[in-house]
Amino acid sequence: MARHSSEGRLVRPYTMTGGRTGQDVPAIALESLISATEEGRATKHQFRWEASRVIEYAGQGTALIELAALIDVPIGVIRVVVADLAQRGAVEIVDSVGGMSTDLDAVAYTDLLKKVLDGIRSL
Amino acid sequence: MASEASNKPRQTPVKIVVAGGFGVGKTTFVGAISEIEPLRSEALITQASAGVDELFENGSKTTTTVAMDFGRISLKDGLVLYLFGTPGQDRFHFMWHELAKGAIGAVVLVDTRRLDACFAAVDFFEQRDTPFMVVVNTFDGRLNHSLEDVREALNVSPEVPMAYCDARVRVDVQSTLYQLVEYALLRALQGIPVS
């Protein structure tokens, strides 16, 4: 069982994923936003430490890579944990544009870039 | 996109890659505009493998970690822009594919005293057809080289935007990102496929 203390993580990363390697997990982009569902928040305590931390940190939308940094576990581990949580309906994944780029039509993409430009200008 | 189909405001992540040689100021660049202190995240990789994040695909391989620094900027309309610094060391170049996939574009930061340090990044984004721009970090305050000299030295096409930027200065970074996205938009309008 994962135990954490100020001395750091006491389990090896693959223990957290139940020995899974990530090869059977759908690719989740580093910048994909993870948000906790109502169900996830309600059932948070039924999950293992790292999964409940994901639900806690995910909130309204936190990137996969940010969860890895905040919880201080490798990205691959977080990817497995997030995929499991998504399968159980505890989190939702908003994919990045990158993940959608193949089916994102050109007009939608240029509209998105215009919004990004406008957003950067207004910073 | 789902975010436009529903009435509920949803966040949409987008990303820009910040590349360049080791110590050229990538994390400084990210930190100058990020709303969070740049965070560091680690991926476990197998020494022999080209796969990122495939944890222990073979238990006997040696694993190592590669660190990536990143920052976040919340924009209007629910857009969240992530800036990813590429790992500086050459042996981690294979990670760039994952970073570049779906990126709006890339900033290649250049230190004119060590131009060769950015060759790998320029080659990579050219081959991948990712919109990129070359940005000369002026952190030493000297502009010893004209941008056209740098363009020639790097042998990049005339349409690739070039700019000076003090990576410590927020408005410089903002203007750089603006130029990059403008260039990416121009290319998208010309019908060059999204990478």
# chains A, B, ... in the order shown; residues from 1 in each chain; ligands from 1
>>> residues_around(residues="Ser175 (chain B)", least_positions_apart="3", cutoff="9 Å", atoms="only C-alpha atoms", output="list in words")
Ile120 and Arg121 of chain A; Cys165, Arg170, Val171, Asp172, Tyr178, Gln179 and Leu180 of chain B
>>> write_last_selection(atoms="N, CA and C atoms", output="PDB file, in the first residue's frame")
ATOM      1  N   ILE A 120      -3.653  35.746 -26.059  1.00  0.00           N
ATOM      2  CA  ILE A 120      -2.283  36.169 -25.743  1.00  0.00           C
ATOM      3  C   ILE A 120      -2.194  37.696 -25.779  1.00  0.00           C
ATOM      4  N   ARG A 121      -2.877  38.288 -26.749  1.00  0.00           N
ATOM      5  CA  ARG A 121      -2.860  39.752 -26.848  1.00  0.00           C
ATOM      6  C   ARG A 121      -3.451  40.391 -25.587  1.00  0.00           C
TER       7      ARG A 121
ATOM      8  N   CYS B 165      14.442  38.301 -28.144  1.00  0.00           N
ATOM      9  CA  CYS B 165      13.594  38.235 -26.962  1.00  0.00           C
ATOM     10  C   CYS B 165      14.490  38.156 -25.739  1.00  0.00           C
ATOM     11  N   ARG B 170       8.564  39.564 -19.426  1.00  0.00           N
ATOM     12  CA  ARG B 170       7.255  39.019 -19.747  1.00  0.00           C
ATOM     13  C   ARG B 170       6.717  39.520 -21.087  1.00  0.00           C
ATOM     14  N   VAL B 171       6.834  40.815 -21.314  1.00  0.00           N
ATOM     15  CA  VAL B 171       6.245  41.374 -22.533  1.00  0.00           C
ATOM     16  C   VAL B 171       6.973  40.871 -23.785  1.00  0.00           C
ATOM     17  N   ASP B 172       8.252  40.610 -23.648  1.00  0.00           N
ATOM     18  CA  ASP B 172       9.018  40.027 -24.758  1.00  0.00           C
ATOM     19  C   ASP B 172       8.509  38.620 -25.071  1.00  0.00           C
ATOM     20  N   TYR B 178       2.914  35.520 -29.375  1.00  0.00           N
ATOM     21  CA  TYR B 178       1.942  36.089 -30.312  1.00  0.00           C
ATOM     22  C   TYR B 178       2.395  35.864 -31.761  1.00  0.00           C
ATOM     23  N   GLN B 179       3.654  36.178 -32.003  1.00  0.00           N
ATOM     24  CA  GLN B 179       4.189  36.007 -33.361  1.00  0.00           C
ATOM     25  C   GLN B 179       4.133  34.553 -33.816  1.00  0.00           C
ATOM     26  N   LEU B 180       4.430  33.655 -32.887  1.00  0.00           N
ATOM     27  CA  LEU B 180       4.417  32.229 -33.243  1.00  0.00           C
ATOM     28  C   LEU B 180       3.009  31.773 -33.619  1.00  0.00           C
TER      29      LEU B 180
END
>>> closest_residue(among="B:Arg72, B:Lys101, B:His93, B:Arg113", to="chain A", atoms="only C-alpha atoms")
B:Lys101
>>> select_by_dssp(residues="region 39-110 of chain A", states="alpha helix (DSSP H)", output="VMD selection string")
chain A and resid 39 to 42 49 to 58 64 to 71 75 to 87 97 to 100 106 to 110
>>> write_last_selection(atoms="N, CA and C atoms", output="tab-separated table (two decimals), in the first residue's frame")
chain	number	residue	atom	x	y	z
A	39	GLU	N	-19.20	12.05	-9.00
A	39	GLU	CA	-19.07	10.69	-8.49
A	39	GLU	C	-17.66	10.43	-7.95
A	40	GLY	N	-16.69	10.93	-8.68
A	40	GLY	CA	-15.31	10.77	-8.25
A	40	GLY	C	-15.07	11.42	-6.90
A	41	ARG	N	-15.59	12.63	-6.76
A	41	ARG	CA	-15.39	13.33	-5.48
A	41	ARG	C	-16.08	12.59	-4.34
A	42	ALA	N	-17.27	12.05	-4.63
A	42	ALA	CA	-18.02	11.35	-3.59
A	42	ALA	C	-17.36	10.05	-3.17
A	49	TRP	N	-4.19	5.79	-2.46
A	49	TRP	CA	-3.66	7.12	-2.18
A	49	TRP	C	-3.49	7.98	-3.43
A	50	GLU	N	-2.77	7.43	-4.42
A	50	GLU	CA	-2.44	8.26	-5.58
A	50	GLU	C	-3.68	8.60	-6.40
A	51	ALA	N	-4.64	7.67	-6.44
A	51	ALA	CA	-5.87	7.93	-7.19
A	51	ALA	C	-6.71	8.99	-6.49
A	52	SER	N	-6.74	8.93	-5.17
A	52	SER	CA	-7.54	9.93	-4.46
A	52	SER	C	-6.87	11.30	-4.54
A	53	ARG	N	-5.53	11.30	-4.62
A	53	ARG	CA	-4.85	12.59	-4.82
A	53	ARG	C	-5.17	13.16	-6.19
A	54	VAL	N	-5.25	12.30	-7.18
A	54	VAL	CA	-5.61	12.77	-8.53
A	54	VAL	C	-6.97	13.44	-8.50
A	55	ILE	N	-7.94	12.79	-7.84
A	55	ILE	CA	-9.29	13.37	-7.76
A	55	ILE	C	-9.24	14.71	-7.04
A	56	GLU	N	-8.46	14.74	-5.98
A	56	GLU	CA	-8.34	15.95	-5.18
A	56	GLU	C	-7.73	17.10	-5.99
A	57	TYR	N	-6.63	16.83	-6.68
A	57	TYR	CA	-5.92	17.87	-7.42
A	57	TYR	C	-6.59	18.22	-8.75
A	58	ALA	N	-7.32	17.27	-9.30
A	58	ALA	CA	-7.88	17.50	-10.63
A	58	ALA	C	-8.87	18.66	-10.64
A	64	LEU	N	-2.57	16.58	-17.19
A	64	LEU	CA	-1.92	15.33	-16.77
A	64	LEU	C	-0.52	15.59	-16.22
A	65	ILE	N	0.24	16.40	-16.94
A	65	ILE	CA	1.63	16.63	-16.53
A	65	ILE	C	1.70	17.41	-15.21
A	66	GLU	N	0.69	18.24	-15.00
A	66	GLU	CA	0.65	19.02	-13.77
A	66	GLU	C	0.33	18.11	-12.58
A	67	LEU	N	-0.57	17.16	-12.80
A	67	LEU	CA	-0.88	16.19	-11.74
A	67	LEU	C	0.38	15.41	-11.37
A	68	ALA	N	1.15	15.03	-12.39
A	68	ALA	CA	2.37	14.27	-12.12
A	68	ALA	C	3.33	15.09	-11.26
A	69	ALA	N	3.44	16.38	-11.59
A	69	ALA	CA	4.35	17.25	-10.84
A	69	ALA	C	3.83	17.49	-9.42
A	70	LEU	N	2.53	17.74	-9.29
A	70	LEU	CA	1.96	18.06	-7.98
A	70	LEU	C	2.01	16.86	-7.04
A	71	ILE	N	1.72	15.68	-7.59
A	71	ILE	CA	1.68	14.49	-6.76
A	71	ILE	C	3.06	13.86	-6.66
A	75	ILE	N	5.11	10.63	-14.94
A	75	ILE	CA	3.99	10.85	-15.84
A	75	ILE	C	3.31	9.53	-16.23
A	76	GLY	N	4.11	8.52	-16.50
A	76	GLY	CA	3.55	7.24	-16.92
A	76	GLY	C	2.65	6.62	-15.87
A	77	VAL	N	3.01	6.80	-14.63
A	77	VAL	CA	2.20	6.27	-13.54
A	77	VAL	C	0.88	7.02	-13.47
A	78	ILE	N	0.96	8.34	-13.54
A	78	ILE	CA	-0.26	9.15	-13.49
A	78	ILE	C	-1.19	8.80	-14.65
A	79	ARG	N	-0.59	8.51	-15.79
A	79	ARG	CA	-1.38	8.18	-16.97
A	79	ARG	C	-2.21	6.91	-16.72
A	80	VAL	N	-1.60	5.92	-16.11
A	80	VAL	CA	-2.31	4.68	-15.80
A	80	VAL	C	-3.41	4.93	-14.78
A	81	VAL	N	-3.08	5.69	-13.75
A	81	VAL	CA	-4.06	5.96	-12.69
A	81	VAL	C	-5.25	6.74	-13.25
A	82	VAL	N	-4.96	7.74	-14.08
A	82	VAL	CA	-6.03	8.57	-14.66
A	82	VAL	C	-6.92	7.73	-15.58
A	83	ALA	N	-6.29	6.87	-16.37
A	83	ALA	CA	-7.07	6.03	-17.29
A	83	ALA	C	-8.02	5.13	-16.51
A	84	ASP	N	-7.54	4.57	-15.40
A	84	ASP	CA	-8.39	3.74	-14.56
A	84	ASP	C	-9.55	4.54	-13.98
A	85	LEU	N	-9.23	5.72	-13.49
A	85	LEU	CA	-10.27	6.56	-12.88
A	85	LEU	C	-11.32	6.97	-13.92
A	86	ALA	N	-10.85	7.23	-15.14
A	86	ALA	CA	-11.77	7.62	-16.20
A	86	ALA	C	-12.71	6.47	-16.53
A	87	GLN	N	-12.14	5.27	-16.54
A	87	GLN	CA	-12.96	4.09	-16.83
A	87	GLN	C	-14.06	3.90	-15.77
A	97	VAL	N	-6.13	19.64	-28.17
A	97	VAL	CA	-6.39	19.78	-29.59
A	97	VAL	C	-5.54	18.78	-30.36
A	98	GLY	N	-4.34	18.55	-29.85
A	98	GLY	CA	-3.44	17.62	-30.50
A	98	GLY	C	-4.07	16.26	-30.69
A	99	GLY	N	-4.72	15.79	-29.65
A	99	GLY	CA	-5.35	14.50	-29.73
A	99	GLY	C	-6.49	14.48	-30.75
A	100	MET	N	-7.01	15.65	-31.06
A	100	MET	CA	-8.16	15.73	-31.95
A	100	MET	C	-7.76	16.23	-33.33
A	106	ALA	N	-10.36	22.22	-40.57
A	106	ALA	CA	-9.48	23.37	-40.72
A	106	ALA	C	-10.10	24.65	-40.17
A	107	VAL	N	-11.40	24.80	-40.38
A	107	VAL	CA	-12.06	26.02	-39.91
A	107	VAL	C	-12.05	26.07	-38.39
A	108	ALA	N	-12.36	24.93	-37.76
A	108	ALA	CA	-12.35	24.89	-36.30
A	108	ALA	C	-10.95	25.19	-35.77
A	109	TYR	N	-9.94	24.70	-36.48
A	109	TYR	CA	-8.58	24.93	-36.01
A	109	TYR	C	-8.16	26.39	-36.16
A	110	THR	N	-8.49	26.99	-37.29
A	110	THR	CA	-8.11	28.40	-37.43
A	110	THR	C	-8.90	29.26	-36.44
>>> closest_residue(among="B:Glu37, B:Glu159, B:Glu42, B:Asp69", to="chain A", atoms="only C-alpha atoms")
B:Glu42
>>> closest_residue(among="A:Leu112, A:Pro74, A:Phe47, A:Val91", to="chain B", atoms="only C-alpha atoms")
A:Pro74
>>> residues_around(residues="Ala117 (chain B)", least_positions_apart="6", cutoff="8 Å", atoms="only C-alpha atoms", output="list in words")
Gly20, Gly21, Phe22 and Val110 of chain B
>>> residues_around(residues="Phe139 (chain B)", least_positions_apart="6", cutoff="10 Å", atoms="only C-alpha atoms", output="list in words")
Val24, Gly25, Asp111, Tyr164, Cys165, Asp166, Ala167, Arg168 and Val169 of chain B
>>> write_last_selection(atoms="N, CA and C atoms", output="mmCIF file, in the first residue's frame")
data_model
loop_
_atom_site.group_PDB
_atom_site.id
_atom_site.type_symbol
_atom_site.label_atom_id
_atom_site.label_comp_id
_atom_site.auth_asym_id
_atom_site.auth_seq_id
_atom_site.Cartn_x
_atom_site.Cartn_y
_atom_site.Cartn_z
ATOM 1 N N VAL B 24 19.941 27.430 -22.422
ATOM 2 C CA VAL B 24 19.715 28.587 -23.287
ATOM 3 C C VAL B 24 18.642 29.518 -22.724
ATOM 4 N N GLY B 25 17.943 29.073 -21.694
ATOM 5 C CA GLY B 25 16.957 29.939 -21.042
ATOM 6 C C GLY B 25 15.519 29.513 -21.241
ATOM 7 N N ASP B 111 21.075 30.879 -28.353
ATOM 8 C CA ASP B 111 22.131 31.694 -27.782
ATOM 9 C C ASP B 111 23.165 31.837 -28.901
ATOM 10 N N TYR B 164 14.137 38.763 -31.651
ATOM 11 C CA TYR B 164 14.927 38.876 -30.425
ATOM 12 C C TYR B 164 13.966 38.794 -29.253
ATOM 13 N N CYS B 165 14.442 38.301 -28.144
ATOM 14 C CA CYS B 165 13.594 38.235 -26.962
ATOM 15 C C CYS B 165 14.490 38.156 -25.739
ATOM 16 N N ASP B 166 14.193 38.961 -24.746
ATOM 17 C CA ASP B 166 14.848 38.770 -23.451
ATOM 18 C C ASP B 166 13.944 37.814 -22.676
ATOM 19 N N ALA B 167 14.415 36.601 -22.500
ATOM 20 C CA ALA B 167 13.578 35.544 -21.922
ATOM 21 C C ALA B 167 13.137 35.849 -20.493
ATOM 22 N N ARG B 168 13.737 36.874 -19.889
ATOM 23 C CA ARG B 168 13.336 37.216 -18.522
ATOM 24 C C ARG B 168 12.169 38.192 -18.502
ATOM 25 N N VAL B 169 11.875 38.777 -19.662
ATOM 26 C CA VAL B 169 10.916 39.883 -19.708
ATOM 27 C C VAL B 169 9.577 39.412 -20.255
#
>>> residues_around(residues="Ser146 (chain B)", least_positions_apart="2", cutoff="12 Å", atoms="only C-alpha atoms", output="ChimeraX atom specification")
/B:112,135-136,138,142-144,148-153,162-164
>>> closest_residue(among="B:Val173, B:Ala120, B:Leu189, B:Val80", to="Phe94 (chain B)", atoms="only C-alpha atoms")
B:Ala120
>>> atom_distance(atom1="CA of Ala184 (chain B)", atom2="CA of Phe70 (chain B)")
20.8 Å
>>> closest_residue(among="B:Ile33, B:Ala19, B:Leu109, B:Ala103", to="chain A", atoms="only C-alpha atoms")
B:Ala103
>>> closest_residue(among="B:Leu115, B:Val181, B:Phe84, B:Arg187", to="Leu39 (chain B)", atoms="only C-alpha atoms")
B:Phe84
>>> residues_around(residues="Val18 (chain B)", least_positions_apart="5", cutoff="12 Å", atoms="only C-alpha atoms", output="ChimeraX atom specification")
/B:24-31,68-71,82-88,96,99-100,103-110,118,121-122,125,132-135,167,173,176-177,180
>>> atom_distance(atom1="CA of Ile73 (chain B)", atom2="CA of Asp118 (chain A)")
13.3 Å
>>> decode(residues="region 26-57 of chain A", atoms="N, CA and C atoms", output="compact mmCIF listing (two decimals), in the first residue's frame")
# COMPACT_ATOMS: atom_id res chain seq x y z
N PRO A 26 -4.86 3.88 -23.01
CA PRO A 26 -4.92 4.82 -24.14
C PRO A 26 -4.02 6.02 -23.87
N ALA A 27 -3.37 6.50 -24.91
CA ALA A 27 -2.47 7.63 -24.74
C ALA A 27 -3.27 8.85 -24.30
N ILE A 28 -2.86 9.43 -23.22
CA ILE A 28 -3.47 10.68 -22.78
C ILE A 28 -2.38 11.73 -22.93
N ALA A 29 -2.66 12.77 -23.68
CA ALA A 29 -1.63 13.78 -23.93
C ALA A 29 -1.21 14.45 -22.62
N LEU A 30 0.02 14.92 -22.60
CA LEU A 30 0.56 15.56 -21.39
C LEU A 30 -0.30 16.74 -20.94
N GLU A 31 -0.88 17.44 -21.92
CA GLU A 31 -1.64 18.65 -21.60
C GLU A 31 -3.14 18.38 -21.49
N SER A 32 -3.57 17.14 -21.66
CA SER A 32 -5.00 16.85 -21.51
C SER A 32 -5.46 17.25 -20.11
N LEU A 33 -6.64 17.84 -20.05
CA LEU A 33 -7.12 18.32 -18.76
C LEU A 33 -7.99 17.27 -18.09
N ILE A 34 -7.66 16.99 -16.85
CA ILE A 34 -8.37 15.99 -16.08
C ILE A 34 -9.23 16.73 -15.07
N SER A 35 -10.52 16.41 -15.03
CA SER A 35 -11.35 17.01 -13.98
C SER A 35 -12.11 15.91 -13.25
N ALA A 36 -12.32 16.15 -11.97
CA ALA A 36 -13.00 15.16 -11.14
C ALA A 36 -14.50 15.25 -11.38
N THR A 37 -15.15 14.12 -11.48
CA THR A 37 -16.61 14.13 -11.59
C THR A 37 -17.21 14.17 -10.19
N GLU A 38 -18.50 14.43 -10.14
CA GLU A 38 -19.18 14.44 -8.85
C GLU A 38 -19.03 13.07 -8.17
N GLU A 39 -19.20 12.05 -9.00
CA GLU A 39 -19.07 10.69 -8.49
C GLU A 39 -17.66 10.43 -7.95
N GLY A 40 -16.69 10.93 -8.68
CA GLY A 40 -15.31 10.77 -8.25
C GLY A 40 -15.07 11.42 -6.90
N ARG A 41 -15.59 12.63 -6.76
CA ARG A 41 -15.39 13.33 -5.48
C ARG A 41 -16.08 12.59 -4.34
N ALA A 42 -17.27 12.05 -4.63
CA ALA A 42 -18.02 11.35 -3.59
C ALA A 42 -17.36 10.05 -3.17
N THR A 43 -16.66 9.44 -4.12
CA THR A 43 -16.09 8.12 -3.81
C THR A 43 -14.57 8.16 -3.62
N LYS A 44 -14.06 9.39 -3.50
CA LYS A 44 -12.62 9.59 -3.43
C LYS A 44 -11.92 8.65 -2.44
N HIS A 45 -12.55 8.47 -1.30
CA HIS A 45 -11.86 7.73 -0.23
C HIS A 45 -11.80 6.23 -0.47
N GLN A 46 -12.54 5.78 -1.48
CA GLN A 46 -12.47 4.35 -1.79
C GLN A 46 -11.24 4.01 -2.63
N PHE A 47 -10.57 5.05 -3.12
CA PHE A 47 -9.43 4.78 -4.00
C PHE A 47 -8.13 4.79 -3.22
N ARG A 48 -7.13 4.22 -3.85
CA ARG A 48 -5.80 4.23 -3.25
C ARG A 48 -5.26 5.65 -3.21
N TRP A 49 -4.19 5.79 -2.46
CA TRP A 49 -3.66 7.12 -2.18
C TRP A 49 -3.49 7.98 -3.43
N GLU A 50 -2.77 7.43 -4.42
CA GLU A 50 -2.44 8.26 -5.58
C GLU A 50 -3.68 8.60 -6.40
N ALA A 51 -4.64 7.67 -6.44
CA ALA A 51 -5.87 7.93 -7.19
C ALA A 51 -6.71 8.99 -6.49
N SER A 52 -6.74 8.93 -5.17
CA SER A 52 -7.54 9.93 -4.46
C SER A 52 -6.87 11.30 -4.54
N ARG A 53 -5.53 11.30 -4.62
CA ARG A 53 -4.85 12.59 -4.82
C ARG A 53 -5.17 13.16 -6.19
N VAL A 54 -5.25 12.30 -7.18
CA VAL A 54 -5.61 12.77 -8.53
C VAL A 54 -6.97 13.44 -8.50
N ILE A 55 -7.94 12.79 -7.84
CA ILE A 55 -9.29 13.37 -7.76
C ILE A 55 -9.24 14.71 -7.04
N GLU A 56 -8.46 14.74 -5.98
CA GLU A 56 -8.34 15.95 -5.18
C GLU A 56 -7.73 17.10 -5.99
N TYR A 57 -6.63 16.83 -6.68
CA TYR A 57 -5.92 17.87 -7.42
C TYR A 57 -6.59 18.22 -8.75
